[in-house]
file start.cif (mmCIF, C-alpha atoms and all ligand atoms)
data_my_file
loop_
_atom_site.label_atom_id
_atom_site.label_comp_id
_atom_site.auth_asym_id
_atom_site.auth_seq_id
_atom_site.Cartn_x
_atom_site.Cartn_y
_atom_site.Cartn_z
CA MET A 1 98.94 103.40 139.83
CA SER A 2 99.28 100.68 137.17
CA VAL A 3 100.46 99.90 133.66
CA LEU A 4 97.78 99.83 130.95
CA VAL A 5 98.41 97.83 127.77
CA LEU A 6 96.24 97.86 124.67
CA ALA A 7 95.69 94.26 123.53
CA GLU A 8 94.64 94.35 119.89
CA SER A 9 92.05 91.86 118.69
CA PRO A 10 91.47 92.29 114.96
CA LYS A 11 88.53 90.25 113.68
CA GLY A 12 87.70 89.25 117.25
CA LYS A 13 90.93 87.32 117.82
CA LEU A 14 93.75 88.36 120.14
CA LYS A 15 96.94 88.75 118.12
CA LYS A 16 100.27 87.21 119.18
CA ALA A 17 101.39 90.81 119.65
CA ALA A 18 98.66 91.17 122.31
CA PHE A 19 100.32 88.49 124.44
CA GLU A 20 103.71 90.15 123.89
CA VAL A 21 102.50 93.56 125.01
CA VAL A 22 100.74 92.10 128.05
CA HIS A 23 103.89 90.27 129.13
CA TYR A 24 105.91 93.45 128.59
CA GLY A 25 103.34 95.37 130.67
CA PHE A 26 103.67 92.75 133.41
CA LYS A 27 107.46 93.21 133.49
CA ALA A 28 107.10 97.01 133.38
CA ALA A 29 104.72 96.87 136.36
CA GLN A 30 107.24 94.78 138.29
CA GLU A 31 109.83 97.53 137.75
CA LEU A 32 107.66 100.62 138.06
CA GLY A 33 105.03 99.46 140.54
CA GLY A 34 101.37 98.51 140.39
CA SER A 35 99.91 95.79 138.20
CA CYS A 36 99.34 95.28 134.49
CA ILE A 37 95.81 95.97 133.23
CA ALA A 38 94.94 94.90 129.69
CA LEU A 39 92.43 96.91 127.65
CA VAL A 40 90.56 95.12 124.85
CA ILE A 41 88.32 97.23 122.62
CA GLY A 42 85.76 95.43 120.47
CA SER A 43 84.58 91.84 120.41
CA ALA A 44 87.23 89.28 121.32
CA ASP A 45 87.31 85.66 122.43
CA GLU A 46 88.83 84.39 125.66
CA VAL A 47 90.21 87.72 126.85
CA SER A 48 90.65 86.31 130.36
CA GLN A 49 93.57 84.28 128.91
CA LEU A 50 95.62 87.49 128.95
CA GLY A 51 95.98 86.81 132.69
CA LYS A 52 98.29 83.91 131.85
CA TYR A 53 100.80 86.37 130.42
CA GLY A 54 100.68 88.75 133.36
CA ALA A 55 97.47 90.83 133.21
CA SER A 56 95.92 91.26 136.67
CA LYS A 57 92.60 92.13 135.03
CA VAL A 58 91.14 92.82 131.62
CA ILE A 59 88.99 95.83 130.89
CA HIS A 60 86.82 94.80 127.99
CA VAL A 61 84.97 97.49 126.05
CA PRO A 62 82.67 95.48 123.80
CA GLU A 63 81.69 98.45 121.58
CA ASP A 64 81.75 97.54 117.90
CA ARG A 65 85.10 98.68 116.53
CA GLY A 66 83.83 98.95 112.96
CA GLY A 67 84.69 102.37 111.57
CA MET A 68 86.73 103.47 114.61
CA ASP A 69 89.72 105.66 113.82
CA SER A 70 92.78 106.35 115.96
CA ALA A 71 91.27 109.52 117.46
CA THR A 72 88.33 107.49 118.78
CA TYR A 73 90.64 104.85 120.22
CA THR A 74 92.77 107.56 121.83
CA ASP A 75 89.75 109.10 123.49
CA MET A 76 88.63 105.76 124.88
CA ILE A 77 92.10 104.85 126.17
CA ALA A 78 92.41 108.28 127.81
CA GLN A 79 89.14 107.63 129.66
CA VAL A 80 90.55 104.35 131.02
CA VAL A 81 93.86 106.02 131.97
CA GLU A 82 91.98 108.47 134.22
CA ARG A 83 89.59 105.85 135.55
CA GLU A 84 92.34 103.41 136.60
CA SER A 85 95.04 106.00 137.49
CA ILE A 86 97.61 104.66 135.05
CA HIS A 87 101.29 105.65 135.08
CA THR A 88 102.41 103.90 131.86
CA VAL A 89 100.47 103.10 128.69
CA VAL A 90 101.98 100.52 126.34
CA VAL A 91 100.77 99.75 122.81
CA ASN A 92 102.28 97.53 120.11
CA HIS A 93 104.27 99.33 117.44
CA SER A 94 101.67 98.11 114.91
CA SER A 95 99.85 100.30 112.41
CA THR A 96 97.07 100.79 115.00
CA GLY A 97 99.52 101.33 117.90
CA LYS A 98 101.64 103.81 115.92
CA ALA A 99 98.58 105.87 115.07
CA ILE A 100 97.43 105.93 118.69
CA ALA A 101 100.68 106.41 120.65
CA GLY A 102 101.54 109.94 119.46
CA ARG A 103 97.97 111.19 119.79
CA LEU A 104 97.70 109.72 123.27
CA SER A 105 100.92 111.33 124.50
CA VAL A 106 99.64 114.73 123.32
CA ARG A 107 96.25 114.08 124.86
CA LEU A 108 97.77 113.04 128.23
CA ASP A 109 100.58 115.61 127.97
CA THR A 110 103.27 112.97 128.57
CA GLY A 111 106.58 111.94 127.08
CA ILE A 112 106.67 109.09 124.57
CA ALA A 113 109.24 106.54 123.39
CA SER A 114 108.44 104.46 120.33
CA GLN A 115 109.67 101.02 119.28
CA VAL A 116 111.18 100.28 122.68
CA ASN A 117 112.61 96.84 123.31
CA THR A 118 113.78 97.02 126.93
CA VAL A 119 111.74 96.99 130.11
CA PRO A 120 111.55 100.53 131.59
CA GLN A 121 113.56 101.26 134.72
CA LYS A 122 112.74 103.80 137.43
CA SER A 123 114.94 106.89 137.58
CA ASP A 124 114.98 109.98 139.84
CA GLN A 125 113.18 112.05 137.23
CA GLY A 126 110.88 109.43 135.68
CA ILE A 127 111.87 106.31 133.73
CA THR A 128 114.58 105.19 131.31
CA VAL A 129 113.90 102.85 128.42
CA GLY A 130 115.90 101.71 125.38
CA ARG A 131 115.55 100.96 121.68
CA PRO A 132 117.84 100.23 118.74
CA VAL A 133 118.54 103.15 116.38
CA PHE A 134 120.33 103.68 113.04
CA SER A 135 119.05 100.39 111.62
CA GLY A 136 120.17 98.47 114.68
CA LYS A 137 123.77 99.78 114.59
CA ALA A 138 123.41 101.72 117.85
CA PHE A 139 121.29 101.60 120.96
CA ALA A 140 119.63 104.65 122.48
CA LYS A 141 118.53 105.02 126.08
CA TYR A 142 115.75 107.54 126.71
CA LEU A 143 114.84 109.35 129.89
CA ILE A 144 111.15 110.22 130.02
CA LYS A 145 110.49 112.74 132.75
CA GLY A 146 107.28 112.94 134.75
CA ASP A 147 104.86 110.54 136.38
CA ARG A 148 103.19 109.29 133.22
CA ARG A 149 104.40 108.13 129.80
CA VAL A 150 103.38 106.32 126.61
CA LEU A 151 105.50 103.55 125.07
CA SER A 152 105.15 101.59 121.85
CA LEU A 153 106.69 98.12 121.90
CA MET A 154 108.80 96.89 118.99
CA GLY A 155 107.41 93.73 117.33
CA ASN A 156 108.89 90.40 118.48
CA ALA A 157 110.85 92.22 121.21
CA MET A 158 109.38 90.21 124.05
CA ALA A 159 108.57 86.51 123.94
CA PRO A 160 105.26 86.06 125.80
CA GLN A 161 105.74 83.73 128.75
CA GLU A 162 103.04 82.20 130.91
CA VAL A 163 103.31 83.56 134.44
CA GLY A 164 99.84 83.01 135.86
CA ALA A 165 96.28 81.97 135.21
CA ALA A 166 93.20 83.44 133.58
CA CYS A 167 92.25 86.78 135.16
CA PRO A 168 88.98 88.60 135.89
CA VAL A 169 87.34 90.51 133.05
CA GLU A 170 85.48 93.76 133.71
CA GLU A 171 82.99 94.69 130.99
CA VAL A 172 83.02 98.48 130.74
CA SER A 173 80.95 100.82 128.65
CA LEU A 174 82.79 103.98 127.62
CA GLN A 175 81.63 107.14 125.97
CA VAL A 176 82.45 106.72 122.30
CA PRO A 177 83.00 110.15 120.70
CA THR A 178 81.55 110.81 117.27
CA PRO A 179 84.48 110.10 114.93
CA ARG A 180 85.60 112.78 112.49
CA VAL A 181 87.07 110.10 110.22
CA ILE A 182 85.01 107.05 109.32
CA ILE A 183 86.82 103.98 108.05
CA LYS A 184 84.52 102.54 105.43
CA GLU A 185 86.51 99.52 104.35
CA THR A 186 89.67 97.70 105.37
CA LYS A 187 91.24 95.20 102.99
CA THR A 188 93.66 92.68 104.43
CA VAL A 189 95.44 89.69 102.94
CA ASP A 190 93.64 86.67 104.36
CA GLY A 191 95.27 83.43 105.45
CA VAL A 192 98.78 84.90 105.74
CA VAL A 193 100.58 86.02 108.89
CA PRO A 194 101.36 89.71 108.29
CA LEU A 195 105.11 90.34 107.86
CA PRO A 196 105.62 92.39 111.05
CA GLU A 197 104.20 89.50 113.10
CA ALA A 198 105.73 86.61 111.17
CA GLU A 199 108.14 84.35 113.03
CA LEU A 200 109.36 82.66 109.85
CA VAL A 201 110.02 84.61 106.64
CA VAL A 202 111.18 83.36 103.23
CA SER A 203 112.38 86.30 101.17
CA ALA A 204 113.72 86.50 97.63
CA GLY A 205 115.41 89.07 95.42
CA ARG A 206 116.47 89.82 91.89
CA GLY A 207 118.46 86.58 91.74
CA MET A 208 115.09 84.92 91.01
CA LYS A 209 115.32 86.33 87.45
CA GLY A 210 111.58 86.87 87.09
CA PRO A 211 108.13 86.52 88.74
CA GLU A 212 107.46 83.27 86.90
CA ASN A 213 110.03 81.54 89.12
CA TRP A 214 108.39 82.41 92.46
CA GLY A 215 106.70 79.01 92.72
CA ILE A 216 109.75 77.53 94.47
CA ILE A 217 109.71 80.36 97.04
CA GLU A 218 106.01 79.95 97.74
CA GLU A 219 106.40 76.19 98.04
CA LEU A 220 109.23 76.51 100.55
CA ALA A 221 107.26 79.11 102.55
CA ASP A 222 104.18 76.90 102.47
CA VAL A 223 106.02 73.83 103.75
CA ILE A 224 107.49 75.61 106.78
CA GLY A 225 104.51 77.93 107.37
CA ALA A 226 106.46 81.10 106.59
CA THR A 227 105.36 84.47 105.23
CA THR A 228 106.95 85.57 101.94
CA ALA A 229 108.90 88.82 101.51
CA CYS A 230 111.08 90.39 98.82
CA SER A 231 113.71 93.02 98.12
CA ARG A 232 112.71 96.46 96.88
CA PRO A 233 113.61 96.11 93.17
CA VAL A 234 111.45 93.00 93.05
CA ALA A 235 108.43 94.95 94.32
CA ASP A 236 109.30 97.99 92.18
CA SER A 237 109.37 95.78 89.08
CA GLY A 238 105.94 94.44 89.95
CA TRP A 239 107.22 90.88 90.41
CA ARG A 240 105.72 90.84 93.89
CA PRO A 241 103.18 93.03 95.76
CA HIS A 242 104.54 96.10 97.56
CA HIS A 243 103.43 94.91 100.98
CA GLU A 244 106.13 92.20 100.74
CA HIS A 245 108.97 94.71 100.35
CA VAL A 246 111.27 94.68 103.40
CA GLY A 247 114.08 97.06 104.25
CA GLN A 248 114.76 100.69 105.01
CA THR A 249 111.92 101.91 102.80
CA GLY A 250 109.74 98.84 103.28
CA VAL A 251 108.56 96.85 106.28
CA ALA A 252 111.04 96.38 109.14
CA ILE A 253 110.79 92.85 110.49
CA ARG A 254 112.26 90.83 113.33
CA PRO A 255 111.35 87.18 112.74
CA ASN A 256 112.97 84.20 114.43
CA LEU A 257 114.12 82.94 111.02
CA TYR A 258 114.79 84.97 107.85
CA ILE A 259 115.77 82.99 104.75
CA ALA A 260 117.20 85.36 102.10
CA ILE A 261 117.32 83.86 98.61
CA GLY A 262 119.06 85.60 95.71
CA ILE A 263 119.32 88.87 97.63
CA SER A 264 122.67 90.70 97.65
CA GLY A 265 122.30 92.19 101.15
CA ALA A 266 122.55 95.90 100.35
CA ILE A 267 122.62 98.11 103.44
CA GLN A 268 119.11 99.41 102.73
CA HIS A 269 117.79 95.84 102.67
CA LEU A 270 119.68 94.84 105.82
CA ALA A 271 118.28 97.87 107.64
CA GLY A 272 114.88 96.20 107.76
CA VAL A 273 115.91 92.61 108.49
CA ASN A 274 119.16 92.53 110.44
CA SER A 275 117.39 92.24 113.79
CA SER A 276 116.11 88.79 112.73
CA LYS A 277 117.15 86.18 115.26
CA CYS A 278 118.58 83.76 112.69
CA ILE A 279 119.50 84.69 109.10
CA VAL A 280 120.06 82.07 106.40
CA VAL A 281 121.47 83.32 103.08
CA ILE A 282 121.38 81.45 99.77
CA ASN A 283 123.45 83.22 97.13
CA LYS A 284 125.76 82.00 94.38
CA ASP A 285 128.21 84.91 94.82
CA PRO A 286 130.65 84.27 97.70
CA GLU A 287 131.30 88.03 97.86
CA ALA A 288 127.61 88.90 98.41
CA PRO A 289 127.50 91.29 101.42
CA PHE A 290 124.60 89.35 102.95
CA PHE A 291 126.97 86.56 103.99
CA LYS A 292 128.55 88.94 106.54
CA ALA A 293 125.19 89.29 108.29
CA ALA A 294 124.29 85.59 107.99
CA ASP A 295 124.17 82.97 110.74
CA TYR A 296 124.16 80.26 108.07
CA GLY A 297 125.09 80.63 104.41
CA VAL A 298 124.72 78.41 101.36
CA CYS A 299 126.91 79.54 98.46
CA ALA A 300 125.19 77.87 95.50
CA ASP A 301 122.64 78.31 92.74
CA LEU A 302 119.25 78.96 94.33
CA PHE A 303 117.42 77.04 91.59
CA ASP A 304 119.31 73.97 92.72
CA VAL A 305 119.24 74.55 96.52
CA VAL A 306 115.70 75.79 97.16
CA PRO A 307 113.81 72.76 95.72
CA ARG A 308 116.18 70.46 97.60
CA LEU A 309 115.63 72.38 100.83
CA THR A 310 111.85 72.15 100.35
CA ALA A 311 112.10 68.42 99.69
CA ALA A 312 114.21 67.99 102.84
CA PHE A 313 111.64 69.88 104.95
CA LYS A 314 108.82 67.74 103.47
CA LYS A 315 110.73 64.56 104.32
CA PHE A 316 111.43 65.81 107.85
CA LYS A 317 107.76 66.71 108.40
CA ALA A 318 106.65 63.28 107.18
CA LEU A 319 108.76 61.51 109.83
C1 LIG B 401 117.25 105.25 99.33
C2 LIG B 401 117.23 103.79 99.03
C3 LIG B 401 116.38 102.97 99.75
C4 LIG B 401 116.33 101.60 99.49
N1 LIG B 401 115.50 100.80 100.24
C5 LIG B 401 115.51 99.48 100.03
C6 LIG B 401 114.71 98.61 100.82
O1 LIG B 401 113.95 99.05 101.69
N2 LIG B 401 114.78 97.29 100.59
C7 LIG B 401 115.58 96.74 99.63
O2 LIG B 401 115.59 95.51 99.48
N3 LIG B 401 116.35 97.55 98.87
C8 LIG B 401 116.32 98.88 99.03
N4 LIG B 401 117.08 99.67 98.24
C9 LIG B 401 117.79 99.04 97.10
C10 LIG B 401 119.09 98.38 97.53
O3 LIG B 401 120.14 99.35 97.51
C11 LIG B 401 119.47 97.26 96.56
O4 LIG B 401 119.56 97.77 95.24
C12 LIG B 401 118.48 96.11 96.55
O5 LIG B 401 118.25 95.66 97.87
C13 LIG B 401 119.04 94.97 95.72
O6 LIG B 401 118.05 93.99 95.57
P1 LIG B 401 118.46 92.47 95.30
O7 LIG B 401 119.46 92.04 96.31
O8 LIG B 401 117.21 91.70 95.14
O9 LIG B 401 119.12 92.55 93.84
P2 LIG B 401 120.64 92.49 93.38
O10 LIG B 401 121.45 93.51 94.04
O11 LIG B 401 120.59 92.48 91.90
O12 LIG B 401 121.15 91.09 93.93
C14 LIG B 401 120.74 89.85 93.43
C15 LIG B 401 121.56 88.79 94.14
O13 LIG B 401 121.12 87.52 93.69
C16 LIG B 401 122.29 86.69 93.53
N5 LIG B 401 121.95 85.68 92.53
C17 LIG B 401 121.71 85.87 91.21
N6 LIG B 401 121.40 84.69 90.62
C18 LIG B 401 121.46 83.75 91.59
C19 LIG B 401 121.25 82.35 91.60
N7 LIG B 401 120.87 81.67 90.50
N8 LIG B 401 121.40 81.69 92.77
C20 LIG B 401 121.77 82.34 93.90
N9 LIG B 401 121.98 83.68 93.95
C21 LIG B 401 121.82 84.37 92.81
C22 LIG B 401 123.39 87.62 93.10
O14 LIG B 401 124.66 87.07 93.43
C23 LIG B 401 123.08 88.88 93.89
O15 LIG B 401 123.77 88.90 95.12
C24 LIG B 401 117.14 101.05 98.48
C25 LIG B 401 118.02 101.88 97.76
C26 LIG B 401 118.04 103.22 98.02
C27 LIG B 401 118.98 104.08 97.25
#

call {"tool": "encode", "arguments": {"input": "start.cif", "output": "structure tokens", "more": "lines below"}}
Ligand SMILES: Cc1cc2nc3c(=O)[nH]c(=O)nc-3n(C[C@H](O)[C@H](O)[C@H](O)COP(=O)(O)OP(=O)(O)OC[C@H]3O[C@@H](n4cnc5c(N)ncnc54)[C@H](O)[C@@H]3O)c2cc1C
result
Amino acid sequence: MSVLVLAESPKGKLKKAAFEVVHYGFKAAQELGGSCIALVIGSADEVSQLGKYGASKVIHVPEDRGGMDSATYTDMIAQVVERESIHTVVVNHSSTGKAIAGRLSVRLDTGIASQVNTVPQKSDQGITVGRPVFSGKAFAKYLIKGDRRVLSLMGNAMAPQEVGAACPVEEVSLQVPTPRVIIKETKTVDGVVPLPEAELVVSAGRGMKGPENWGIIEELADVIGATTACSRPVADSGWRPHHEHVGQTGVAIRPNLYIAIGISGAIQHLAGVNSSKCIVVINKDPEAPFFKAADYGVCADLFDVVPRLTAAFKKFKAL
């Protein structure tokens, strides 16, 4: 009995999240027994490298993923679960993982816990596992009864650590069911780390006064290699695209660094960003609520501070 993790490889490249989920699977296997097996569906480079993060083997299904929907993925994962006698399936809490996890738990008739961020522990009746709830204000511990379960792992919850060497790869051909839904086209923003995976985020709000001023935000993000984000009114006003909106009704993120510029720090905004590891706030109002959630704060005019911060980063990088 082992742990099976789905390692996503969009456009043939393993995502950072794939290494996270493999390392989580490795730790889960240490607690629950067995080993961690990584499943890669579709073409992908250097899948044996997943062994470095704790996979004992990789099952590689080279079938072309083009047009595959979550029902097709679920069917294929379920085949591997039976083939390898798996006790725990772990997926990333990504758009793909979210779509698969629920279906898979129904298909396997198991319990499910989503967005977990602790390693599962054995209990008399099954396992216990935890996750933050109520926008990070409380922590819930779940008991999942039975011998099998499905978990989705919160983004950036587990830093992937090298624990071994490249592992064997088994090329497997699975029965691919005829999909009922065919994905004809997927449009993604190229050249930018998607917000849920970004380690560095530069975010700005209504304090920017208008979209014409965003050059200083983009320049700062560019210099430090960050992804840009924004508050909801900024996206609602069309100053920035909706996929940049973070918060309760937008994307929930957990980067290592979140720089909030001209954002007041309303509770609905904080709900999506307050799990960031380090928060830097730039706001000219000393009473702005964001300062209470900040690790570092600069109380000043952003139009003065941001260009100076960018210049300082440029100077530092040139050293
Ligand atoms: C149901 C619901 C869901 C919501 N969901 C979300 C959500 O998901 N995400 C979200 O962001 N919001 C959400 N909101 C809206 C939220 O309540 C706030 O209205 C919003 O976050 C405020 O955006 P802001 O901080 O950019 O703007 P403002 O509140 O207008 O704040 C602008 C800030 O910029 C500062 N500032 C102005 N000029 C300068 C300057 N020159 N230099 C430095 N600082 C300056 C000001 O001091 C102020 O603090 C939601 C609201 C509701 C009711």

call {"tool": "residues_near_ligand", "arguments": {"input": "start.cif", "ligand": "ligand LIG 401 (chain B)", "cutoff": "6 Å", "atoms": "only C-alpha atoms and all ligand atoms", "output": "list in words"}}
result
Gly205, Arg206, Gly207, Ser231, Arg232, Pro233, Val246, Gly247, Gln248, Thr249, Gly250, Gly262, Ile263, Ser264, Gly265, Ala266, Gln268, His269, Ile282, Asn283, Lys284, Asp285, Ala288, Ala300, Asp301, Leu302 and Phe303 of chain A

call {"tool": "residues_around", "arguments": {"input": "start.cif", "residues": "Pro286 in chain A", "least_positions_apart": "4", "cutoff": "10 Å", "atoms": "only C-alpha atoms", "output": "number ranges by chain"}}
result
A: 282, 290-291, 297-300

call {"tool": "closest_residue", "arguments": {"input": "start.cif", "among": "A:Leu39, A:Leu195, A:Ala311, A:Ala159", "to": "Lys16 in chain A", "atoms": "all atoms listed in the file"}}
result
A:Ala159

call {"tool": "atom_distance", "arguments": {"input": "start.cif", "atom1": "CA of Gln79 in chain A", "atom2": "CA of Val91 in chain A"}}
result
15.6 Å

call {"tool": "closest_residue", "arguments": {"input": "start.cif", "among": "A:Pro160, A:Pro179, A:Gly25, A:Pro168", "to": "Ser70 in chain A", "atoms": "all atoms listed in the file"}}
result
A:Pro179

call {"tool": "atom_distance", "arguments": {"input": "start.cif", "atom1": "CA of Glu218 in chain A", "atom2": "CA of Pro255 in chain A"}}
result
17.5 Å

call {"tool": "atom_distance", "arguments": {"input": "start.cif", "atom1": "CA of Cys36 in chain A", "atom2": "CA of Thr74 in chain A"}}
result
18.8 Å

call {"tool": "closest_residue", "arguments": {"input": "start.cif", "among": "A:Gly146, A:Val106, A:Cys167, A:Gly12", "to": "Ile37 in chain A", "atoms": "all atoms listed in the file"}}
result
A:Cys167

call {"tool": "residues_around", "arguments": {"input": "start.cif", "residues": "Leu151 in chain A", "least_positions_apart": "3", "cutoff": "8 Å", "atoms": "all atoms listed in the file", "output": "MDAnalysis selection string"}}
result
chainID A and resid 88:91 101 112:116

call {"tool": "write_last_selection", "arguments": {"input": "start.cif", "atoms": "C-alpha atoms", "output": "short mmCIF file (atom, residue, chain, number, x, y, z; two decimals), in the frame of the given file"}}
result
data_model
loop_
_atom_site.label_atom_id
_atom_site.label_comp_id
_atom_site.auth_asym_id
_atom_site.auth_seq_id
_atom_site.Cartn_x
_atom_site.Cartn_y
_atom_site.Cartn_z
CA THR A 88 102.41 103.90 131.86
CA VAL A 89 100.47 103.10 128.69
CA VAL A 90 101.98 100.52 126.34
CA VAL A 91 100.77 99.75 122.81
CA ALA A 101 100.68 106.41 120.65
CA ILE A 112 106.67 109.09 124.57
CA ALA A 113 109.24 106.54 123.39
CA SER A 114 108.44 104.46 120.33
CA GLN A 115 109.67 101.02 119.28
CA VAL A 116 111.18 100.28 122.68
#

call {"tool": "closest_residue", "arguments": {"input": "start.cif", "among": "A:Asn213, A:Asn117, A:Gln161, A:Ser2", "to": "Ser85 in chain A", "atoms": "all atoms listed in the file"}}
result
A:Ser2

call {"tool": "closest_residue", "arguments": {"input": "start.cif", "among": "A:Pro307, A:Pro177, A:Gly272, A:Gly102", "to": "Gly215 in chain A", "atoms": "only C-alpha atoms"}}
result
A:Pro307

call {"tool": "closest_residue", "arguments": {"input": "start.cif", "among": "A:Ala71, A:Ala17, A:Ala293, A:Ala157", "to": "Val181 in chain A", "atoms": "all atoms listed in the file"}}
result
A:Ala71

call {"tool": "residues_near_point", "arguments": {"input": "start.cif", "point": "(86.6, 104.4, 106.6)", "cutoff": "10 Å", "atoms": "all atoms listed in the file", "output": "PDB file with C-alpha atoms, in the frame of the given file"}}
result
ATOM      1  CA  GLY A  66      83.830  98.950 112.960  1.00  0.00           C
ATOM      2  CA  GLY A  67      84.690 102.370 111.570  1.00  0.00           C
ATOM      3  CA  MET A  68      86.730 103.470 114.610  1.00  0.00           C
ATOM      4  CA  ASP A  69      89.720 105.660 113.820  1.00  0.00           C
ATOM      5  CA  VAL A 181      87.070 110.100 110.220  1.00  0.00           C
ATOM      6  CA  ILE A 182      85.010 107.050 109.320  1.00  0.00           C
ATOM      7  CA  ILE A 183      86.820 103.980 108.050  1.00  0.00           C
ATOM      8  CA  LYS A 184      84.520 102.540 105.430  1.00  0.00           C
ATOM      9  CA  GLU A 185      86.510  99.520 104.350  1.00  0.00           C
ATOM     10  CA  THR A 186      89.670  97.700 105.370  1.00  0.00           C
TER      11      THR A 186
END

call {"tool": "residues_around", "arguments": {"input": "start.cif", "residues": "Ala226 in chain A", "least_positions_apart": "5", "cutoff": "6 Å", "atoms": "only C-alpha atoms", "output": "tab-separated table (two decimals) with C-alpha atoms, in the frame of the given file"}}
result
chain	number	residue	atom	x	y	z
A	200	LEU	CA	109.36	82.66	109.85
A	201	VAL	CA	110.02	84.61	106.64
A	221	ALA	CA	107.26	79.11	102.55

call {"tool": "axis_aligned_box", "arguments": {"input": "start.cif", "around": "range 24-41 of chain A", "padding_each_side": "6 Å", "output": "JSON"}}
result
{"center_x": 99.1, "center_y": 96.7, "center_z": 131.6, "size_x": 33.5, "size_y": 19.9, "size_z": 29.9}
